[in-house]
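Enquirer: Before I ask anything, let me first share the structure, which is written out below as structure tokens.
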Amino acid sequence: MHGSVYLARKVGLAAGTVFVAITLNFILFRAAPGDAVSNLSRVPHASPQLKEALRHEFGLDQSKWAQYLLYLKELAHGNLGISFADQQPVSHDLATALGNTVPMVLLGTVIAILFGVFTGTVAAWRRGGITDQVNTNVAIAFYSFPTQWLGLMLLILFAGVLPTSGMTDEFAIDPSWWAHLQDVLKHMILPSATMALTLYGEYTLIARSAMLETLSEDYILTARAKGLSNARIVRRHAFRNALLPTTTMVALSLGYVVGGAILIETVFSWPGIGRAVYQAVLQRDYPMLQGAFLVLTLSVVVFNLIADLLYFKLDPRVTE
Amino acid sequence: MTSKVMLGAGIVAALALATGCASQSSPPGGNNNGSHKVVEGGTLRLGSASSIDSMNPFVALNQDAYSTFEYIYPELVQYNAQLQFAPDFAKSWSTSSGGKVWTFKTQPGAKWSDGQPLTAKDAAWTFTTILDLAKTAAGNQAATLTNLKTAKATDDNTLVLTYSVPVANVLSNLQQLPILPEHVWSKYTANNGKALKNYANTPTDGQPVVSGGPFELVKFQKDQIALFKQNPDWYGPKPHIDGYGIQFFANDDAMVTALKNGQIDAVEALPATSVKTVRQAGLTVTQTPGEEFHDFIFNSNPKKPKNRELLDPKVREAFEYAINRQQIVKVSQLGAGQPGSSIVPPASGGGWFDKSLSPISYNPAKANQILDGLGYKKGSNGIRVANGHPMNYQLIFPTDGADQRSFEIIQNDLSAVGIKITPRNMDGSAAWNATIAPNGKYLNFDLSMWDWVPLVDPDFILSAMTCGSWNNWNDSGYCNHAYDRLYAAQAVATNPAKRHQIVDQMQQMLYRDKPYIVLDYLDIIDSWSKGWSGFVESPQGLYNALSKDSLVSAHRTS
């Protein structure tokens with residue numbers, strides 16, 4: 001198959017996936033029992049007048065089909081709608097939450113990837129030795145810790161030393177941008193570390209097994225026979241081939257970066273997308289949910305597409 | 001509140017606009033230990049495990065939002081520490097025409113924080129806007145102005161409200177209603193007020209929100225922080241603090257850790273599980289009877305087709321004897337509460353709770369005796385058989401409202417008398433749909449558990465049991481026309497003694513018919529660090545929507 005055909009097919013598939021996801025996002029949340037208005041049933045201010053007004057305002061008094069068409073039309077114009085819960089544009093609420101989440105989760109994920117691939121490669125290189133055993137066992141231990149437990153342990157251990165909640169010193173008014181940046185980075189340490197620690201083990205194990213498989217290939221034996229050093233064999237001959245399965249993992253992880261990390265965000269009161277989506281689910285805030293899942297879908301699809309394209313670059317045999 | 005992120009205690013999601021009453025031991029003017037010297041200035045850092053859903057009073061439903069409106073907007077009246085009505089923006093008031101006309105004299109020479117005059121005209125504009133837009137943009141405030149015909153400012157300091165019928169709870173309704181600056185908000189009322197709800201009402205371009213209360217909002221980041229500074233133009237007494245901030249936490253542990261480490265100065269609604277560690281850390285902890293209660297609900301719709309034995313008051317009485325409420329308070333609330341009896345909690349101000357009603361004591365032998373007497377014999381599996389089917393019921397369990405440990409206690413208690421219950425766990429929205437199913441007819445469910453946070457005035461919680469509240473607040477399918485007649489009568493009983501009599505009668509009726517078994521009344525637990533004092537406690541805690549007193553009198557100590 002020609003390279004451009006491969007590319008076109010992958011892009012077409014991605015576009016189709018996005019459309020299906022858009023429709024599913026619409027159906028899924030409406031299929032759940034309850035709606036944004038019935039959710040208000042137990043509040044003194046939720047008078048019958050309010051519920052009637054909201055039903056009309058949210059368009060919930062129209063048929064599902066009419067609501068779907070309206071949703072598609074608005075989406076085609078790039079309009080994600082108005083949040084039922086706070087009456088602000090979804091794009092604004094989403095952008096704020098994403099802006100908070102992405103740096104924290106990305107930092108944690110990148111550290112996890114780099115550290116995981118490094119420890120995995122080292123473990124494979126020193127297979128069977130003490131380095132391998134320590135690396136693998138520690139990785140398995142962190143991989144199996146529940147995220148919220150690890151987060152809470154870090155919170156208890158570092159309380160008083162590092163900030164344990166929120167993403168800035170909330171009581172500072174108009175700090176300089178430099179002071180603000182330092183403040184955010186300080187607040188990011190614990191949540192990002194939790195993220196990195198819970199994720200890296202997975203990378204260690206995958207990188208290790210990929211590397212071991214590659215190291216058992218015939219051409220590696222040839223390299224050894226040529227008298228090349230171990231370090232050179234790993235770096236120049238094995239590493240790139242061993243990266244293939246890791247690339248898929250990395251792409252998937254990066255795709256989920258925008259999904260946030262609800263448990264970490266909850267433990268450290270990080271005002272990110274994970275918490276926003278959780279609240280939106282409880283409030284049946286359809287526009288917010290649709291918007292958030294659209295962004296999540298798009299990012300997963302786009303990163304998968306990038307992985308496919310990278311594969312093409314790393315291993316041109318995929319088009320055959 | 002049970003502290004669950006935003007969907008705190010039982011009122012579904014986020015929403016408890018409660019109003020409480022009856023503070024336990026706080027002297028008027030604040031909780032000052034006496035020996036401390038008041039230190040002026042400083043910023044009070046509050047922690048909350050709830051959130052503010054919106055700063056716009058036409059959108060907001062959360063408790064913290066309404067507590068905030070209390071401090072940034074004038075309200076006509078407020079409650080004092082004994083939960084009696086006290087002046088706020090209105091200095092005095094009088095009624096005429098048999099309770100249909102209310103005249104309020106407002107604070108003369110008052111100003112908004114931007115220097116514009118704050119007059120009775122702003123109040124008249126706010127109320128008239130709500131009346132005009134009651135069916136659209138102002139729906140969430142509409143119920144507080146029920147039966148209001150007109151709101152007119154006859155001069156800058158006189159507001160006249162004319163009702164179509166005498167209304168018994170005018171002042172408690174008006175106490176919940178923030179008065180907004182007409183010069184800021186009037187431009188959003190066009191087009192049925194569509195823009196009224198989209199207005200975020202947060203500081204923009206470094207300008208604080210125009211305020212008429214003791215504080216003005218200078219910074220707001222949802223789920224993170226709301227920061228306030230003193231409003232020098234306020235008409236009332238000058239607060240001791242320069243300002244305050246509320247930091248929002250997504251979990252209680254982080255909030256308690258922050259309090260212990262001195263990152264925040266005080267928290268509202270401390271979880272009972274943290275009381276011990278916080279006390280050990282040397283912080284002040286107060287426990288005040290609150291408004292919230294948990295209830296065990298029987299579907300009371302007489303048309304319910306299945307398991308009709310649950311409609312029998314004798315069966316309900318057996319349930320009540322079988323449930324150990326002391327144990328629920330001890331285990332679920334760690335002692336921070338008391339067993340319940342009426343849907344009007346004793347913490348209510350104004351003595352609305354009917355003292356003649358007391359919780360039925362735990363007595364499984366009596367429960368067995370009643371059930372045996374009805375001929376519901378135990379089968380081989382230990383479960384009783386009623387009218388040919390086992391007494392085995394599903395119970396709707398809203399995960400964001402009911403209490404898991406209480407459920408387990410009840411499940412064991414009922415099992416001991418031969419009744420099996422199985423939970424159907426759902427979030428609030430799904431639980432509500434399951435309750436009114438099918439199509440708002442209340443035919444399908446047997447049992448459920450939930451909670452309420454009533455207002456100070458009993459009107460709201462009493463209305464939740466009326467036929468007219470079906471599909472709105474009524475979660476038991478209870479519909480009793482005699483009860484409804486009493487409800488209508490109390491709403492127009494402007495003579496307090498007469499209203500008390502009717503409200504007592506209604507509570508007795510519910511106690512007898514048992515659509516609910518009121519399980520427990522919860523205490524509100526607050527805590528603050530050494531070096532702070534002066535907070536006014538209330539059934540809603542130290543940060544409440546009942547009065548401006550708490551943060552006006554709060555201060556640092558030397």
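Residue names in the structure tokens use chain letters A, B, ... in the order shown, residue numbers from 1 in each chain, and ligand numbers from 1 in the order shown.
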Dump as a PyMOL selection string the residues of chain A that approach chain B to within 9 Å, counting only C-alpha atoms.

Expert: chain A and resi 32-54+56-57+82+85-89+152+155-156+159-160+163-168+170-171+173+265-271+275+279+282-284

Enquirer: So which residues of segment 25-117 of chain B fall under strand (DSSP E or B) by DSSP, listed as a PyMOL selection string?

Expert: chain B and resi 38-39+43-48+77-79+85-87+90-96+101-106+111+117

Enquirer: So that I can check the secondary structure, give me every residue of segment 78-185 of chain A assigned alpha helix (DSSP H) by backbone DSSP, as JSON, numbers by chain.

Expert: {"A": [90, 91, 92, 93, 94, 95, 96, 97, 98, 99, 100, 101, 102, 103, 104, 105, 106, 107, 108, 109, 110, 111, 112, 113, 114, 115, 116, 117, 118, 119, 120, 121, 122, 123, 124, 125, 130, 131, 132, 133, 134, 135, 136, 137, 138, 139, 140, 141, 142, 143, 144, 147, 148, 149, 150, 151, 152, 153, 154, 155, 156, 157, 158, 177, 178, 179, 180, 181, 182, 183, 184, 185]}

Enquirer: Counting only C-alpha atoms, what is within 8 Å of Gln333 of chain B, bar same-chain residues fewer than 5 positions away, as a CSV table (one decimal) with all heavy atoms, in the first residue's frame?

Expert:
chain,number,residue,atom,x,y,z
B,272,ALA,N,-17.4,14.7,61.4
B,272,ALA,CA,-17.4,14.2,62.7
B,272,ALA,C,-16.1,13.4,63.0
B,272,ALA,O,-15.6,13.3,64.1
B,272,ALA,CB,-18.6,13.4,63.1
B,328,ILE,N,-27.6,4.5,65.5
B,328,ILE,CA,-27.3,5.2,64.2
B,328,ILE,C,-26.6,6.5,64.6
B,328,ILE,O,-25.6,6.9,64.0
B,328,ILE,CB,-28.7,5.6,63.5
B,328,ILE,CG1,-29.2,4.3,62.8
B,328,ILE,CG2,-28.4,6.6,62.4
B,328,ILE,CD1,-30.5,4.4,62.1
B,522,LEU,N,-28.8,16.1,62.6
B,522,LEU,CA,-27.3,16.2,62.7
B,522,LEU,C,-26.8,17.5,63.3
B,522,LEU,O,-27.4,18.5,63.1
B,522,LEU,CB,-26.8,16.1,61.2
B,522,LEU,CG,-26.5,14.7,60.7
B,522,LEU,CD1,-27.7,13.9,60.6
B,522,LEU,CD2,-25.9,14.8,59.3

Enquirer: Env of Ser550 of chain B: 7 Å cut, atoms = only C-alpha atoms, seq-sep filter 5 positions within chain, self excluded. Answer as JSON, numbers by chain.

Expert: {"B": [30, 535, 536, 542, 543]}

Enquirer: Output N, CA, C and O atoms for every residue in that selection, as a compact mmCIF listing (two decimals), in the first residue's frame.

Expert:
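Contents of again_6.txt, freshly written:
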# COMPACT_ATOMS: atom_id res chain seq x y z
N GLY B 30 -21.45 37.20 69.22
CA GLY B 30 -20.33 36.37 68.86
C GLY B 30 -19.77 35.53 69.97
O GLY B 30 -20.05 35.71 71.14
N PHE B 535 -16.91 34.34 66.26
CA PHE B 535 -17.88 33.78 65.30
C PHE B 535 -19.24 33.59 65.96
O PHE B 535 -19.31 33.25 67.14
N VAL B 536 -20.30 33.81 65.20
CA VAL B 536 -21.64 33.55 65.72
C VAL B 536 -22.10 32.22 65.15
O VAL B 536 -22.27 32.08 63.94
N LEU B 542 -20.82 28.50 61.04
CA LEU B 542 -20.32 29.86 61.25
C LEU B 542 -20.42 30.72 60.00
O LEU B 542 -20.41 31.94 60.07
N TYR B 543 -20.47 30.09 58.82
CA TYR B 543 -20.65 30.84 57.58
C TYR B 543 -22.02 30.50 57.06
O TYR B 543 -22.25 29.42 56.52

Enquirer: What's around Leu98 of chain A at 12 Å? Count only C-alpha atoms, leave out sequence neighbours fewer than 2 positions away in its own chain, and write the answer as a compact mmCIF listing (two decimals) with N, CA, C and O atoms, in the first residue's frame.

Expert:
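See result-v2.txt below for the written result:
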# COMPACT_ATOMS: atom_id res chain seq x y z
N VAL A 90 -19.87 26.65 27.73
CA VAL A 90 -19.13 25.42 28.01
C VAL A 90 -17.67 25.58 27.58
O VAL A 90 -16.76 25.13 28.27
N SER A 91 -17.47 26.25 26.43
CA SER A 91 -16.10 26.39 25.93
C SER A 91 -15.23 27.12 26.96
O SER A 91 -14.08 26.77 27.18
N HIS A 92 -15.82 28.08 27.65
CA HIS A 92 -15.09 28.84 28.67
C HIS A 92 -14.77 27.94 29.87
O HIS A 92 -13.63 27.87 30.33
N ASP A 93 -15.79 27.25 30.37
CA ASP A 93 -15.59 26.37 31.53
C ASP A 93 -14.58 25.27 31.21
O ASP A 93 -13.73 24.92 32.03
N LEU A 94 -14.71 24.71 29.98
CA LEU A 94 -13.81 23.63 29.58
C LEU A 94 -12.38 24.13 29.45
O LEU A 94 -11.44 23.46 29.89
N ALA A 95 -12.23 25.31 28.84
CA ALA A 95 -10.88 25.85 28.63
C ALA A 95 -10.21 26.08 29.98
O ALA A 95 -9.03 25.75 30.16
N THR A 96 -10.97 26.61 30.95
CA THR A 96 -10.39 26.85 32.28
C THR A 96 -9.94 25.53 32.90
O THR A 96 -8.81 25.40 33.38
N ASN A 100 -6.06 24.07 33.59
CA ASN A 100 -5.55 23.66 34.91
C ASN A 100 -5.01 22.24 34.88
O ASN A 100 -4.01 21.93 35.52
N THR A 101 -5.72 21.37 34.16
CA THR A 101 -5.38 19.95 34.19
C THR A 101 -4.13 19.62 33.38
O THR A 101 -3.24 18.92 33.87
N VAL A 102 -4.08 20.10 32.14
CA VAL A 102 -3.07 19.61 31.20
C VAL A 102 -1.63 19.76 31.73
O VAL A 102 -0.88 18.79 31.70
N PRO A 103 -1.23 20.91 32.26
CA PRO A 103 0.16 21.00 32.73
C PRO A 103 0.48 19.98 33.82
O PRO A 103 1.52 19.33 33.78
N MET A 104 -0.45 19.80 34.76
CA MET A 104 -0.20 18.89 35.88
C MET A 104 -0.11 17.45 35.39
O MET A 104 0.83 16.72 35.71
N VAL A 105 -1.09 17.03 34.59
CA VAL A 105 -1.13 15.64 34.14
C VAL A 105 0.00 15.38 33.14
O VAL A 105 0.65 14.33 33.17
N LEU A 106 0.26 16.37 32.28
CA LEU A 106 1.31 16.20 31.27
C LEU A 106 2.67 16.02 31.95
O LEU A 106 3.43 15.13 31.60
N TYR A 256 -5.20 10.54 26.94
CA TYR A 256 -6.01 10.63 28.16
C TYR A 256 -5.61 11.79 29.07
O TYR A 256 -6.25 12.02 30.08
N VAL A 257 -4.55 12.49 28.67
CA VAL A 257 -4.10 13.62 29.49
C VAL A 257 -5.24 14.61 29.69
O VAL A 257 -5.48 15.11 30.79
N VAL A 258 -6.01 14.88 28.64
CA VAL A 258 -7.09 15.85 28.77
C VAL A 258 -8.24 15.31 29.60
O VAL A 258 -9.10 16.06 30.04
N GLY A 259 -8.28 13.98 29.76
CA GLY A 259 -9.33 13.42 30.60
C GLY A 259 -9.07 13.71 32.06
O GLY A 259 -9.92 13.51 32.91
N GLY A 260 -7.86 14.17 32.32
CA GLY A 260 -7.52 14.51 33.69
C GLY A 260 -7.33 13.25 34.51
O GLY A 260 -7.19 12.16 34.00
N ALA A 261 -7.31 13.42 35.78
CA ALA A 261 -7.09 12.31 36.67
C ALA A 261 -7.97 12.60 37.86
O ALA A 261 -7.57 13.28 38.78
N TRP A 270 -7.46 19.75 43.00
CA TRP A 270 -6.98 20.39 41.78
C TRP A 270 -8.20 20.70 40.90
O TRP A 270 -8.95 19.79 40.55
N PRO A 271 -8.41 21.96 40.55
CA PRO A 271 -9.66 22.31 39.85
C PRO A 271 -9.62 21.96 38.37
O PRO A 271 -9.68 22.83 37.52
N GLY A 272 -9.53 20.70 38.06
CA GLY A 272 -9.33 20.30 36.67
C GLY A 272 -10.54 19.68 36.01
O GLY A 272 -11.65 19.67 36.56
N ILE A 273 -10.29 19.11 34.85
CA ILE A 273 -11.37 18.60 34.01
C ILE A 273 -12.01 17.34 34.60
O ILE A 273 -13.20 17.12 34.44
N GLY A 274 -11.22 16.54 35.30
CA GLY A 274 -11.77 15.32 35.89
C GLY A 274 -12.87 15.64 36.88
O GLY A 274 -13.97 15.09 36.83
N ARG A 275 -12.61 16.60 37.76
CA ARG A 275 -13.63 17.01 38.74
C ARG A 275 -14.81 17.66 38.05
O ARG A 275 -15.95 17.46 38.43
N ALA A 276 -14.50 18.47 37.02
CA ALA A 276 -15.58 19.17 36.32
C ALA A 276 -16.53 18.16 35.67
O ALA A 276 -17.75 18.30 35.74
N VAL A 277 -15.95 17.11 35.08
CA VAL A 277 -16.79 16.11 34.41
C VAL A 277 -17.61 15.33 35.44
O VAL A 277 -18.80 15.08 35.26
N GLY A 291 -19.44 18.49 25.64
CA GLY A 291 -18.23 19.24 25.31
C GLY A 291 -17.00 18.52 25.81
O GLY A 291 -16.03 18.31 25.07
N ALA A 292 -17.04 18.08 27.06
CA ALA A 292 -15.86 17.44 27.66
C ALA A 292 -15.54 16.14 26.94
O ALA A 292 -14.38 15.86 26.63
N VAL A 295 -13.98 16.74 23.52
CA VAL A 295 -12.55 17.08 23.61
C VAL A 295 -11.73 15.82 23.92
O VAL A 295 -10.69 15.57 23.32
N LEU A 296 -12.28 15.00 24.84
CA LEU A 296 -11.58 13.77 25.20
C LEU A 296 -11.46 12.84 23.98
O LEU A 296 -10.39 12.31 23.68
N SER A 299 -8.98 14.15 21.45
CA SER A 299 -7.58 14.02 21.81
C SER A 299 -7.11 12.57 21.70
O SER A 299 -6.02 12.30 21.23

Enquirer: If you measure from atom CA of Pro117 of chain B to atom CA of Asn173 of chain B, what distance in Å do you get, rounded to one decimal?

Expert: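 Atom CA of Asn173 of chain B lies 24.9 Å from atom CA of Pro117 of chain B.
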
Enquirer: So that I can check the surroundings of Thr494 of chain B, please list as a PDB file with N, CA, C and O atoms, in the first residue's frame every protein, DNA and RNA residue that reaches within 10 Å of it, counting only C-alpha atoms and ignoring chain neighbours fewer than 5 positions away.

Expert:
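Now in result_6.pdb:
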ATOM      1  N   GLY B  98     -54.687  43.768  57.487  1.00  0.00           N
ATOM      2  CA  GLY B  98     -54.789  42.359  57.874  1.00  0.00           C
ATOM      3  C   GLY B  98     -53.604  41.534  57.420  1.00  0.00           C
ATOM      4  O   GLY B  98     -53.742  40.346  57.100  1.00  0.00           O
ATOM      5  N   GLY B  99     -52.442  42.134  57.336  1.00  0.00           N
ATOM      6  CA  GLY B  99     -51.233  41.377  56.972  1.00  0.00           C
ATOM      7  C   GLY B  99     -50.971  41.351  55.469  1.00  0.00           C
ATOM      8  O   GLY B  99     -50.074  40.647  55.011  1.00  0.00           O
ATOM      9  N   LYS B 100     -51.770  42.100  54.685  1.00  0.00           N
ATOM     10  CA  LYS B 100     -51.549  42.089  53.237  1.00  0.00           C
ATOM     11  C   LYS B 100     -50.555  43.153  52.783  1.00  0.00           C
ATOM     12  O   LYS B 100     -49.980  43.062  51.706  1.00  0.00           O
ATOM     13  N   PRO B 166     -53.062  37.498  53.023  1.00  0.00           N
ATOM     14  CA  PRO B 166     -52.106  37.619  54.136  1.00  0.00           C
ATOM     15  C   PRO B 166     -51.118  36.450  54.069  1.00  0.00           C
ATOM     16  O   PRO B 166     -51.539  35.313  53.826  1.00  0.00           O
ATOM     17  N   VAL B 167     -49.844  36.709  54.206  1.00  0.00           N
ATOM     18  CA  VAL B 167     -48.830  35.652  54.130  1.00  0.00           C
ATOM     19  C   VAL B 167     -48.136  35.540  55.489  1.00  0.00           C
ATOM     20  O   VAL B 167     -47.665  36.534  56.036  1.00  0.00           O
ATOM     21  N   ALA B 168     -48.095  34.299  56.033  1.00  0.00           N
ATOM     22  CA  ALA B 168     -47.601  34.116  57.403  1.00  0.00           C
ATOM     23  C   ALA B 168     -46.087  34.269  57.512  1.00  0.00           C
ATOM     24  O   ALA B 168     -45.578  34.664  58.542  1.00  0.00           O
ATOM     25  N   ASN B 169     -45.367  33.925  56.454  1.00  0.00           N
ATOM     26  CA  ASN B 169     -43.909  33.880  56.594  1.00  0.00           C
ATOM     27  C   ASN B 169     -43.199  34.904  55.703  1.00  0.00           C
ATOM     28  O   ASN B 169     -42.162  34.608  55.102  1.00  0.00           O
ATOM     29  N   VAL B 170     -43.764  36.108  55.629  1.00  0.00           N
ATOM     30  CA  VAL B 170     -43.183  37.159  54.794  1.00  0.00           C
ATOM     31  C   VAL B 170     -41.722  37.417  55.157  1.00  0.00           C
ATOM     32  O   VAL B 170     -40.840  37.430  54.298  1.00  0.00           O
ATOM     33  N   ALA B 489     -53.847  26.563  55.532  1.00  0.00           N
ATOM     34  CA  ALA B 489     -54.275  27.417  56.649  1.00  0.00           C
ATOM     35  C   ALA B 489     -53.075  28.068  57.340  1.00  0.00           C
ATOM     36  O   ALA B 489     -53.096  29.253  57.686  1.00  0.00           O
ATOM     37  N   ARG B 499     -50.823  29.860  64.137  1.00  0.00           N
ATOM     38  CA  ARG B 499     -49.980  29.124  63.185  1.00  0.00           C
ATOM     39  C   ARG B 499     -49.247  27.984  63.897  1.00  0.00           C
ATOM     40  O   ARG B 499     -49.141  26.879  63.370  1.00  0.00           O
TER      41      ARG B 499
END

Enquirer: In Å, how far is it from atom CA of Ser229 of chain A to atom CA of Ile113 of chain A?

Expert: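 Value for the atom CA of Ser229 of chain A-atom CA of Ile113 of chain A distance: 26.0 Å.
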
Enquirer: Applying 10 Å and only C-alpha atoms, which residues near Val77 of chain B remain after dropping the ones on its own chain fewer than 5 positions away? List them as a list in words.

Expert: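 In the requested format, the answer is Phe85, Ala86, Pro87, Asp88, Phe89, Ala90, Lys91, Ser92, Trp93, Phe104, Leu171, Ser172, Asn173, Leu174, Gln175, Gln176, Leu177, Leu546 and Ser547 of chain B.
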
Enquirer: Taking N, CA and C atoms for each residue, export the selection above as a PDB file, in the first residue's frame.

Expert:
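Final output, saved to result26.pdb:
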ATOM      1  N   PHE B  85     -36.163  37.768  64.198  1.00  0.00           N
ATOM      2  CA  PHE B  85     -35.861  38.699  63.114  1.00  0.00           C
ATOM      3  C   PHE B  85     -35.240  39.979  63.653  1.00  0.00           C
ATOM      4  N   ALA B  86     -34.208  40.427  62.948  1.00  0.00           N
ATOM      5  CA  ALA B  86     -33.500  41.641  63.350  1.00  0.00           C
ATOM      6  C   ALA B  86     -33.334  42.521  62.111  1.00  0.00           C
ATOM      7  N   PRO B  87     -33.145  43.823  62.306  1.00  0.00           N
ATOM      8  CA  PRO B  87     -32.994  44.703  61.155  1.00  0.00           C
ATOM      9  C   PRO B  87     -31.734  44.390  60.353  1.00  0.00           C
ATOM     10  N   ASP B  88     -31.818  44.608  59.048  1.00  0.00           N
ATOM     11  CA  ASP B  88     -30.620  44.587  58.200  1.00  0.00           C
ATOM     12  C   ASP B  88     -30.714  45.854  57.341  1.00  0.00           C
ATOM     13  N   PHE B  89     -31.112  45.724  56.065  1.00  0.00           N
ATOM     14  CA  PHE B  89     -31.297  46.942  55.271  1.00  0.00           C
ATOM     15  C   PHE B  89     -32.566  47.673  55.727  1.00  0.00           C
ATOM     16  N   ALA B  90     -33.543  46.899  56.190  1.00  0.00           N
ATOM     17  CA  ALA B  90     -34.745  47.534  56.759  1.00  0.00           C
ATOM     18  C   ALA B  90     -34.476  47.839  58.237  1.00  0.00           C
ATOM     19  N   LYS B  91     -34.681  49.104  58.618  1.00  0.00           N
ATOM     20  CA  LYS B  91     -34.479  49.470  60.026  1.00  0.00           C
ATOM     21  C   LYS B  91     -35.681  49.079  60.873  1.00  0.00           C
ATOM     22  N   SER B  92     -36.853  49.175  60.220  1.00  0.00           N
ATOM     23  CA  SER B  92     -38.078  48.808  60.930  1.00  0.00           C
ATOM     24  C   SER B  92     -39.125  48.407  59.897  1.00  0.00           C
ATOM     25  N   TRP B  93     -40.193  47.790  60.365  1.00  0.00           N
ATOM     26  CA  TRP B  93     -41.255  47.372  59.458  1.00  0.00           C
ATOM     27  C   TRP B  93     -42.578  47.307  60.180  1.00  0.00           C
ATOM     28  N   PHE B 104     -41.643  48.790  54.852  1.00  0.00           N
ATOM     29  CA  PHE B 104     -40.281  48.712  55.412  1.00  0.00           C
ATOM     30  C   PHE B 104     -39.615  50.074  55.317  1.00  0.00           C
ATOM     31  N   LEU B 171     -41.440  37.594  56.438  1.00  0.00           N
ATOM     32  CA  LEU B 171     -40.089  37.987  56.829  1.00  0.00           C
ATOM     33  C   LEU B 171     -39.079  36.879  56.555  1.00  0.00           C
ATOM     34  N   SER B 172     -39.454  35.621  56.815  1.00  0.00           N
ATOM     35  CA  SER B 172     -38.477  34.551  56.573  1.00  0.00           C
ATOM     36  C   SER B 172     -38.222  34.397  55.075  1.00  0.00           C
ATOM     37  N   ASN B 173     -39.222  34.684  54.251  1.00  0.00           N
ATOM     38  CA  ASN B 173     -38.996  34.664  52.805  1.00  0.00           C
ATOM     39  C   ASN B 173     -38.049  35.783  52.383  1.00  0.00           C
ATOM     40  N   LEU B 174     -38.323  36.987  52.903  1.00  0.00           N
ATOM     41  CA  LEU B 174     -37.506  38.131  52.495  1.00  0.00           C
ATOM     42  C   LEU B 174     -36.075  38.011  53.018  1.00  0.00           C
ATOM     43  N   GLN B 175     -35.911  37.263  54.104  1.00  0.00           N
ATOM     44  CA  GLN B 175     -34.577  37.091  54.678  1.00  0.00           C
ATOM     45  C   GLN B 175     -33.648  36.330  53.722  1.00  0.00           C
ATOM     46  N   GLN B 176     -34.231  35.596  52.785  1.00  0.00           N
ATOM     47  CA  GLN B 176     -33.400  34.811  51.866  1.00  0.00           C
ATOM     48  C   GLN B 176     -33.080  35.547  50.578  1.00  0.00           C
ATOM     49  N   LEU B 177     -33.596  36.766  50.449  1.00  0.00           N
ATOM     50  CA  LEU B 177     -33.590  37.411  49.144  1.00  0.00           C
ATOM     51  C   LEU B 177     -32.579  38.558  49.070  1.00  0.00           C
ATOM     52  N   LEU B 546     -27.991  33.249  57.264  1.00  0.00           N
ATOM     53  CA  LEU B 546     -29.024  33.696  58.193  1.00  0.00           C
ATOM     54  C   LEU B 546     -28.803  35.112  58.679  1.00  0.00           C
ATOM     55  N   SER B 547     -27.534  35.520  58.731  1.00  0.00           N
ATOM     56  CA  SER B 547     -27.225  36.800  59.339  1.00  0.00           C
ATOM     57  C   SER B 547     -25.831  37.249  58.914  1.00  0.00           C
TER      58      SER B 547
END

Enquirer: Quote the spacing between atom CA of Phe303 of chain A and atom CA of Ile264 of chain A in Å to one decimal place.

Expert: 22.7 Å

Enquirer: Using only C-alpha atoms, pick whichever of B:Phe293, B:Phe215, B:Trp102, B:Tyr321 has the shortest atom-to-atom distance to Asn363 of chain B.

Expert: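 Nearest to Asn363 of chain B: B:Tyr321.
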